[in-house]
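Chemist: My questions will all concern the structure given below.
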Amino acid sequence: MIALETIVQAARVIEGHILQTPLIYSPALSARFDAHIYLKLENLQRTGSFKIRGAAYKIIHGRGHGTISAKGVVAASAGNHAQGVALAASKAGLAATIVMPQWASIGKQEATRKYGGRVLIHGATVEESVAHARQIAAQGLTFIHPFDDADIIAGQATIGLEILSALPEVDTVLVPVGGGGLIAGIASALKTRHPRTRVVGVEAAACPSGQASLLAGRCVSVATGPSIADGINVKQLGRVPFEIIRRWVDDVVTVQEAYIAAAIQILLERKRVLAEGAGAAPLAALLNGTVRTHSGEKIVLLISGGNVDTPLLGRILHQGLLKNGRIMRVRLTLNDKPGTLACLLATIADLQANILHIRHDRSVERQAIDKTSVELELETRNADHIQEIIRALGAADYVMEPIGCPDPVSSELEKK
């Protein structure tokens with residue numbers, strides 16, 4: 001465990017370099033889960049995630065103790081750690097070299113550059129990027145690991161102090177788990193000052209490295225699948241975090257991609273909170289029922305970051321609307337006569353659906369010469385509204401084929 005004195009010192013050192021992010025109460029989520037639900041909004045932090053805390057403490061504390069090279073620092077990351085180190089180094093007057101994998105998003109590369117980092121693209125995986133960063137460090141730079149470092153963990157632990165300051169009687173805190181540095185820090189702070197508080201880790205089912213390591217009793221590497229929670233898509237826990245996690249974390253659960261996507265959409269639509277996949281994972285654990293709530297329980301969801309790429313966010317939201325019945329796609333075959341399309345559109349309007357896109361095509365293969373095909377994308381209220389539209393179009397003798405149907409998981413979530 002990171003000593004409480006060290007965490008308190010870290011909070012003093014980084015004060016003025018980070019934001020004390022708000023802890024907000026959510027009436028809507030509290031009603032939905034019959035508990036008192038609070039959101040710790042690290043997505044509002046400088047650089048858009050909690051990572052600036054650990055990076056700032058590592059660099060400022062290290063410079064004071066002569067453990068940070070005057071030549072600068074080097075780190076490897078696909079996004080949040082990259083930005084945190086770049087900004088912290090820039091504020092300290094140090095050069096920062098950041099190695100990013102080949103698949104790192106352009107948006108995160110550019111953000112890292114704007115914070116003052118020199119970006120190098122190397123490696124097909126984060127592990128390959130880390131290996132290259134260590135080679136660069138051999139030239140006299142200080143390597144800053146994203147999670148397997150006591151100073152980094154101490155910086156992240158300051159979140160735990162802020163939670164206890166705002167909500168002293170907190171019962172449960174749900175924390176995303178990737179490399180483990182964040183939850184190790186928060187558990188150190190909470191369990192020292194408030195031992196009865198439950199600390200539960202949440203990781204993507206596509207990368208259950210925490211569960212696998214706890215089951216094996218040692219750090220193990222797992223195969224990873226694609227995940228929209230890229231910030232916690234880490235093959236192996238850090239060794240320093242692991243020792244803290246297995247002693248002080250009460251449970252580690254997994255969440256599937258559909259629930260992570262649903263959580264992103266709910267946070268944005270209901271709370272106007274933009275969370276990346278990792279940041280939405282704690283809410284996903286409530287949605288999929290792997291974490292059960294109790295009436296009156298005070299639960300904090302750690303929204304660890306909001307650095308979701310705009311194109312990915314657009315896809316998530318659009319797919320979410322399709323799956324939970326907020327958007328419907330349908331293909332219809334019409335008689336190719338004047339006024340037929342106008343009649344169809346009038347019917348749609350009477351059903352109070354909003355037309356988002358329309359495609360009118362007379363050149364469909366194997367279609368009769370006197371027929372035409374129309375594809376519609378409609379904004380709808382819910383899955384029941386879609387069924388109402390389908391029944392009405394069928395009753396009007398339209399030949400149709402639904403090409404976008406609600407997903408059972410998402411539809412059930414929408415009803416809750």
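Chain labels run A, B, ... following the order of the structure tokens; each chain numbers its residues from 1, and ligands are numbered from 1 in the order shown.
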Would you list, as a list of chain:residue names, the residues of segment 281-334 of chain A that end up in strand (DSSP E or B) under DSSP run on this structure's backbone?
Modeler: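 Output for segment 281-334 of chain A, strand (DSSP E or B) only: A:Lys298, A:Ile299, A:Val300, A:Leu301, A:Leu302, A:Ile303, A:Gly305, A:Ile327, A:Met328, A:Arg329, A:Val330, A:Arg331, A:Leu332, A:Thr333, A:Leu334.
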Chemist: Excluding same-chain residues fewer than 5 positions from segment 164-168 of chain A, what lies within 9 Å of it counting only C-alpha atoms, as a list of chain:residue names?
Modeler: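 Neighbouring residues, sequence-local ones excluded: A:Pro22, A:Leu23, A:Ile159, A:Ala189, A:Leu190, A:Arg193, A:His194, A:Lys298.
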Chemist: For the selection just defined, write its residues with N, CA and C atoms to a file, as a PDB file, in the first residue's frame.
Modeler:
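Result written to selection_8.pdb:
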ATOM      1  N   PRO A  22     -14.994  17.882  -9.564  1.00  0.00           N
ATOM      2  CA  PRO A  22     -16.227  17.801  -8.771  1.00  0.00           C
ATOM      3  C   PRO A  22     -16.718  16.372  -8.581  1.00  0.00           C
ATOM      4  N   LEU A  23     -17.408  16.171  -7.463  1.00  0.00           N
ATOM      5  CA  LEU A  23     -18.148  14.941  -7.202  1.00  0.00           C
ATOM      6  C   LEU A  23     -19.620  15.329  -7.228  1.00  0.00           C
ATOM      7  N   ILE A 159      -7.038  11.239  -5.793  1.00  0.00           N
ATOM      8  CA  ILE A 159      -8.478  11.184  -6.091  1.00  0.00           C
ATOM      9  C   ILE A 159      -9.229  10.623  -4.891  1.00  0.00           C
ATOM     10  N   ALA A 189      -5.667   5.092  -0.546  1.00  0.00           N
ATOM     11  CA  ALA A 189      -6.214   6.246   0.169  1.00  0.00           C
ATOM     12  C   ALA A 189      -7.467   5.883   0.947  1.00  0.00           C
ATOM     13  N   LEU A 190      -8.380   5.158   0.305  1.00  0.00           N
ATOM     14  CA  LEU A 190      -9.660   4.868   0.941  1.00  0.00           C
ATOM     15  C   LEU A 190      -9.519   3.879   2.091  1.00  0.00           C
ATOM     16  N   ARG A 193      -7.974   5.443   5.343  1.00  0.00           N
ATOM     17  CA  ARG A 193      -8.804   6.374   6.108  1.00  0.00           C
ATOM     18  C   ARG A 193     -10.205   5.847   6.408  1.00  0.00           C
ATOM     19  N   HIS A 194     -10.694   4.950   5.566  1.00  0.00           N
ATOM     20  CA  HIS A 194     -12.085   4.503   5.717  1.00  0.00           C
ATOM     21  C   HIS A 194     -12.143   3.033   5.308  1.00  0.00           C
ATOM     22  N   LYS A 298     -24.255   4.619  -0.712  1.00  0.00           N
ATOM     23  CA  LYS A 298     -23.575   5.738  -1.373  1.00  0.00           C
ATOM     24  C   LYS A 298     -22.469   5.180  -2.262  1.00  0.00           C
TER      25      LYS A 298
END
Chemist: For Glu257 of chain A, which residue among A:Ala212, A:Val177, A:Val74, A:Ala280 is the nearest when counting only C-alpha atoms?
Modeler: A:Ala280
Chemist: Go through A:Gly320, A:Gly231, A:Gly296, A:Gly107 and flag the residue nearest Leu268 of chain A, using only C-alpha atoms for the distances.
Modeler: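 For Leu268 of chain A, the nearest of the candidates is A:Gly320.
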Chemist: Residues near segment 376-388 of chain A, anyone? I mean within 7 Å using only C-alpha atoms, not counting same-chain ones fewer than 6 positions away, as JSON, numbers by chain.
Modeler: {"A": [324, 325, 326, 327, 328, 329, 330, 331, 353, 354, 355, 356, 357, 358, 359, 406, 411]}
Chemist: Could you write out that same residue set with C-alpha atoms as a compact mmCIF listing (two decimals), in the first residue's frame?
Modeler:
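Below is the file part.txt, written as the result:
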# COMPACT_ATOMS: atom_id res chain seq x y z
CA ASN A 324 -32.17 0.91 -28.44
CA GLY A 325 -34.91 1.82 -30.89
CA ARG A 326 -34.20 5.52 -31.29
CA ILE A 327 -33.37 5.08 -34.99
CA MET A 328 -35.05 2.72 -37.45
CA ARG A 329 -33.96 1.72 -40.92
CA VAL A 330 -36.42 0.27 -43.40
CA ARG A 331 -36.35 -0.59 -47.11
CA ALA A 353 -41.33 9.67 -37.02
CA ASN A 354 -38.64 12.06 -38.20
CA ILE A 355 -36.88 11.29 -41.49
CA LEU A 356 -33.10 11.52 -41.07
CA HIS A 357 -32.01 10.07 -44.42
CA ILE A 358 -33.77 8.90 -47.58
CA ARG A 359 -32.38 7.02 -50.57
CA PRO A 406 -33.35 -2.78 -31.71
CA SER A 411 -33.74 -2.20 -25.52
Chemist: Determine, counting only C-alpha atoms, which protein, DNA and RNA residues have an atom within 10 Å of an atom of Lys191 of chain A; residues of the same chain fewer than 6 positions away are not included. Present the result as a PyMOL selection string.
Modeler: chain A and resi 1+4+160+197-199+248-249
Chemist: Using only C-alpha atoms, find the one residue out of A:Asp34, A:Glu42, A:Glu5, A:Asp370 that sits nearest to Ile18 of chain A.
Modeler: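 Among A:Asp34, A:Glu42, A:Glu5, A:Asp370, it is A:Glu42 that comes nearest to Ile18 of chain A.
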Chemist: Quick one: DSSP helix (DSSP H, G or I) residues in segment 141-279 of chain A, as a compact mmCIF listing (two decimals) with N, CA and C atoms, in the first residue's frame?
Modeler:
# COMPACT_ATOMS: atom_id res chain seq x y z
N ALA A 150 5.55 3.66 -8.08
CA ALA A 150 4.97 4.10 -6.81
C ALA A 150 4.60 5.57 -6.83
N ASP A 151 5.41 6.43 -7.46
CA ASP A 151 5.09 7.85 -7.51
C ASP A 151 3.84 8.11 -8.36
N ILE A 152 3.74 7.41 -9.48
CA ILE A 152 2.55 7.54 -10.32
C ILE A 152 1.31 7.13 -9.53
N ILE A 153 1.39 6.02 -8.82
CA ILE A 153 0.26 5.55 -8.02
C ILE A 153 -0.10 6.55 -6.94
N ALA A 154 0.91 7.14 -6.29
CA ALA A 154 0.65 8.13 -5.25
C ALA A 154 -0.09 9.34 -5.81
N GLY A 155 0.27 9.75 -7.01
CA GLY A 155 -0.43 10.87 -7.64
C GLY A 155 -1.88 10.54 -7.92
N GLN A 156 -2.13 9.34 -8.44
CA GLN A 156 -3.52 8.95 -8.72
C GLN A 156 -4.31 8.80 -7.42
N ALA A 157 -3.63 8.43 -6.34
CA ALA A 157 -4.30 8.22 -5.06
C ALA A 157 -4.95 9.48 -4.51
N THR A 158 -4.50 10.64 -4.97
CA THR A 158 -5.09 11.89 -4.48
C THR A 158 -6.57 11.99 -4.80
N ILE A 159 -7.04 11.24 -5.79
CA ILE A 159 -8.48 11.18 -6.09
C ILE A 159 -9.23 10.62 -4.89
N GLY A 160 -8.66 9.61 -4.26
CA GLY A 160 -9.30 9.02 -3.09
C GLY A 160 -9.47 10.01 -1.96
N LEU A 161 -8.45 10.85 -1.73
CA LEU A 161 -8.56 11.88 -0.70
C LEU A 161 -9.69 12.86 -1.03
N GLU A 162 -9.81 13.23 -2.30
CA GLU A 162 -10.86 14.17 -2.69
C GLU A 162 -12.25 13.56 -2.52
N ILE A 163 -12.39 12.27 -2.82
CA ILE A 163 -13.68 11.60 -2.64
C ILE A 163 -14.08 11.62 -1.16
N LEU A 164 -13.14 11.27 -0.29
CA LEU A 164 -13.43 11.23 1.14
C LEU A 164 -13.73 12.62 1.70
N SER A 165 -13.07 13.63 1.15
CA SER A 165 -13.32 14.99 1.60
C SER A 165 -14.74 15.43 1.25
N ALA A 166 -15.20 15.05 0.06
CA ALA A 166 -16.53 15.46 -0.40
C ALA A 166 -17.63 14.55 0.12
N GLY A 181 -2.75 1.08 -11.84
CA GLY A 181 -2.22 2.17 -11.05
C GLY A 181 -3.30 3.03 -10.40
N LEU A 182 -4.38 3.28 -11.12
CA LEU A 182 -5.45 4.12 -10.60
C LEU A 182 -6.14 3.48 -9.41
N ILE A 183 -6.58 2.23 -9.55
CA ILE A 183 -7.30 1.59 -8.46
C ILE A 183 -6.37 1.30 -7.29
N ALA A 184 -5.10 1.02 -7.55
CA ALA A 184 -4.15 0.80 -6.46
C ALA A 184 -4.01 2.06 -5.62
N GLY A 185 -3.93 3.20 -6.26
CA GLY A 185 -3.82 4.45 -5.54
C GLY A 185 -5.07 4.78 -4.75
N ILE A 186 -6.23 4.66 -5.40
CA ILE A 186 -7.48 4.99 -4.73
C ILE A 186 -7.74 4.04 -3.56
N ALA A 187 -7.45 2.74 -3.74
CA ALA A 187 -7.62 1.79 -2.64
C ALA A 187 -6.70 2.13 -1.47
N SER A 188 -5.48 2.56 -1.77
CA SER A 188 -4.55 2.94 -0.71
C SER A 188 -5.10 4.08 0.12
N ALA A 189 -5.67 5.09 -0.55
CA ALA A 189 -6.21 6.25 0.17
C ALA A 189 -7.47 5.88 0.95
N LEU A 190 -8.38 5.16 0.31
CA LEU A 190 -9.66 4.87 0.94
C LEU A 190 -9.52 3.88 2.09
N LYS A 191 -8.78 2.81 1.90
CA LYS A 191 -8.69 1.77 2.91
C LYS A 191 -7.92 2.25 4.14
N THR A 192 -7.03 3.21 3.96
CA THR A 192 -6.29 3.74 5.09
C THR A 192 -7.18 4.59 5.98
N ARG A 193 -7.97 5.44 5.34
CA ARG A 193 -8.80 6.37 6.11
C ARG A 193 -10.20 5.85 6.41
N SER A 209 -7.38 -8.79 -17.56
CA SER A 209 -6.06 -9.07 -16.97
C SER A 209 -6.10 -9.05 -15.45
N GLY A 210 -6.95 -8.20 -14.86
CA GLY A 210 -7.03 -8.14 -13.41
C GLY A 210 -7.60 -9.42 -12.82
N GLN A 211 -8.73 -9.86 -13.37
CA GLN A 211 -9.33 -11.09 -12.88
C GLN A 211 -8.38 -12.28 -13.06
N ALA A 212 -7.72 -12.34 -14.21
CA ALA A 212 -6.82 -13.46 -14.49
C ALA A 212 -5.64 -13.48 -13.51
N SER A 213 -5.12 -12.30 -13.19
CA SER A 213 -3.98 -12.22 -12.29
C SER A 213 -4.39 -12.59 -10.86
N LEU A 214 -5.54 -12.12 -10.43
CA LEU A 214 -6.00 -12.46 -9.08
C LEU A 214 -6.28 -13.95 -8.96
N LEU A 215 -6.82 -14.55 -10.02
CA LEU A 215 -7.08 -15.98 -10.01
C LEU A 215 -5.78 -16.78 -9.95
N ALA A 216 -4.77 -16.30 -10.69
CA ALA A 216 -3.48 -17.01 -10.74
C ALA A 216 -2.61 -16.72 -9.52
N ASP A 230 -10.36 1.64 -24.77
CA ASP A 230 -8.95 1.43 -25.06
C ASP A 230 -8.06 1.84 -23.90
N GLY A 231 -8.52 2.74 -23.05
CA GLY A 231 -7.70 3.19 -21.93
C GLY A 231 -7.45 2.11 -20.89
N ILE A 232 -8.29 1.05 -20.86
CA ILE A 232 -8.07 -0.04 -19.92
C ILE A 232 -7.82 -1.36 -20.65
N ARG A 239 3.27 -4.82 -11.65
CA ARG A 239 3.61 -5.62 -10.46
C ARG A 239 3.37 -4.85 -9.17
N VAL A 240 3.69 -3.56 -9.17
CA VAL A 240 3.44 -2.76 -7.97
C VAL A 240 1.94 -2.64 -7.70
N PRO A 241 1.14 -2.28 -8.69
CA PRO A 241 -0.31 -2.22 -8.45
C PRO A 241 -0.91 -3.57 -8.03
N PHE A 242 -0.43 -4.65 -8.62
CA PHE A 242 -1.00 -5.97 -8.33
C PHE A 242 -0.94 -6.30 -6.84
N GLU A 243 0.21 -6.02 -6.21
CA GLU A 243 0.34 -6.35 -4.80
C GLU A 243 -0.66 -5.56 -3.96
N ILE A 244 -0.94 -4.32 -4.35
CA ILE A 244 -1.93 -3.51 -3.63
C ILE A 244 -3.35 -4.02 -3.91
N ILE A 245 -3.61 -4.31 -5.16
CA ILE A 245 -4.95 -4.75 -5.57
C ILE A 245 -5.35 -6.04 -4.85
N ARG A 246 -4.46 -7.01 -4.83
CA ARG A 246 -4.88 -8.30 -4.26
C ARG A 246 -5.06 -8.23 -2.75
N ARG A 247 -4.48 -7.22 -2.11
CA ARG A 247 -4.66 -7.06 -0.67
C ARG A 247 -5.84 -6.17 -0.31
N TRP A 248 -6.08 -5.11 -1.09
CA TRP A 248 -7.00 -4.07 -0.66
C TRP A 248 -8.23 -3.89 -1.52
N GLU A 257 -18.84 -4.99 -24.21
CA GLU A 257 -18.79 -3.79 -25.05
C GLU A 257 -20.15 -3.11 -25.17
N ALA A 258 -21.23 -3.90 -25.28
CA ALA A 258 -22.56 -3.31 -25.44
C ALA A 258 -22.92 -2.44 -24.24
N TYR A 259 -22.53 -2.89 -23.05
CA TYR A 259 -22.84 -2.13 -21.84
C TYR A 259 -21.96 -0.88 -21.72
N ILE A 260 -20.71 -0.98 -22.17
CA ILE A 260 -19.84 0.20 -22.16
C ILE A 260 -20.40 1.26 -23.10
N ALA A 261 -20.80 0.84 -24.30
CA ALA A 261 -21.37 1.78 -25.26
C ALA A 261 -22.66 2.40 -24.71
N ALA A 262 -23.50 1.57 -24.08
CA ALA A 262 -24.74 2.10 -23.51
C ALA A 262 -24.44 3.10 -22.40
N ALA A 263 -23.41 2.83 -21.60
CA ALA A 263 -23.04 3.74 -20.52
C ALA A 263 -22.56 5.08 -21.06
N ILE A 264 -21.77 5.04 -22.12
CA ILE A 264 -21.32 6.30 -22.75
C ILE A 264 -22.52 7.12 -23.18
N GLN A 265 -23.48 6.46 -23.81
CA GLN A 265 -24.65 7.17 -24.33
C GLN A 265 -25.51 7.72 -23.19
N ILE A 266 -25.71 6.93 -22.14
CA ILE A 266 -26.52 7.38 -21.00
C ILE A 266 -25.89 8.58 -20.33
N LEU A 267 -24.58 8.52 -20.10
CA LEU A 267 -23.89 9.63 -19.44
C LEU A 267 -24.00 10.91 -20.27
N LEU A 268 -23.90 10.77 -21.58
CA LEU A 268 -23.95 11.95 -22.44
C LEU A 268 -25.38 12.49 -22.55
N GLU A 269 -26.34 11.61 -22.75
CA GLU A 269 -27.73 12.05 -22.94
C GLU A 269 -28.39 12.51 -21.65
N ARG A 270 -28.15 11.76 -20.57
CA ARG A 270 -28.87 12.03 -19.32
C ARG A 270 -28.14 13.03 -18.43
N LYS A 271 -26.79 13.00 -18.45
CA LYS A 271 -26.03 13.84 -17.53
C LYS A 271 -25.17 14.88 -18.23
N GLY A 277 -14.54 5.28 -23.16
CA GLY A 277 -14.97 3.92 -22.80
C GLY A 277 -14.54 3.51 -21.41
N ALA A 278 -13.26 3.76 -21.07
CA ALA A 278 -12.77 3.39 -19.75
C ALA A 278 -13.52 4.15 -18.67
N GLY A 279 -13.80 5.43 -18.90
CA GLY A 279 -14.50 6.24 -17.92
C GLY A 279 -15.94 5.83 -17.71
Chemist: Which residue out of A:Val202, A:Arg196, A:His318, A:Gln45 has the minimum interatomic distance to Leu286 of chain A when only C-alpha atoms are used?
Modeler: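 Ranked by minimum distance to Leu286 of chain A, first place goes to A:Val202.
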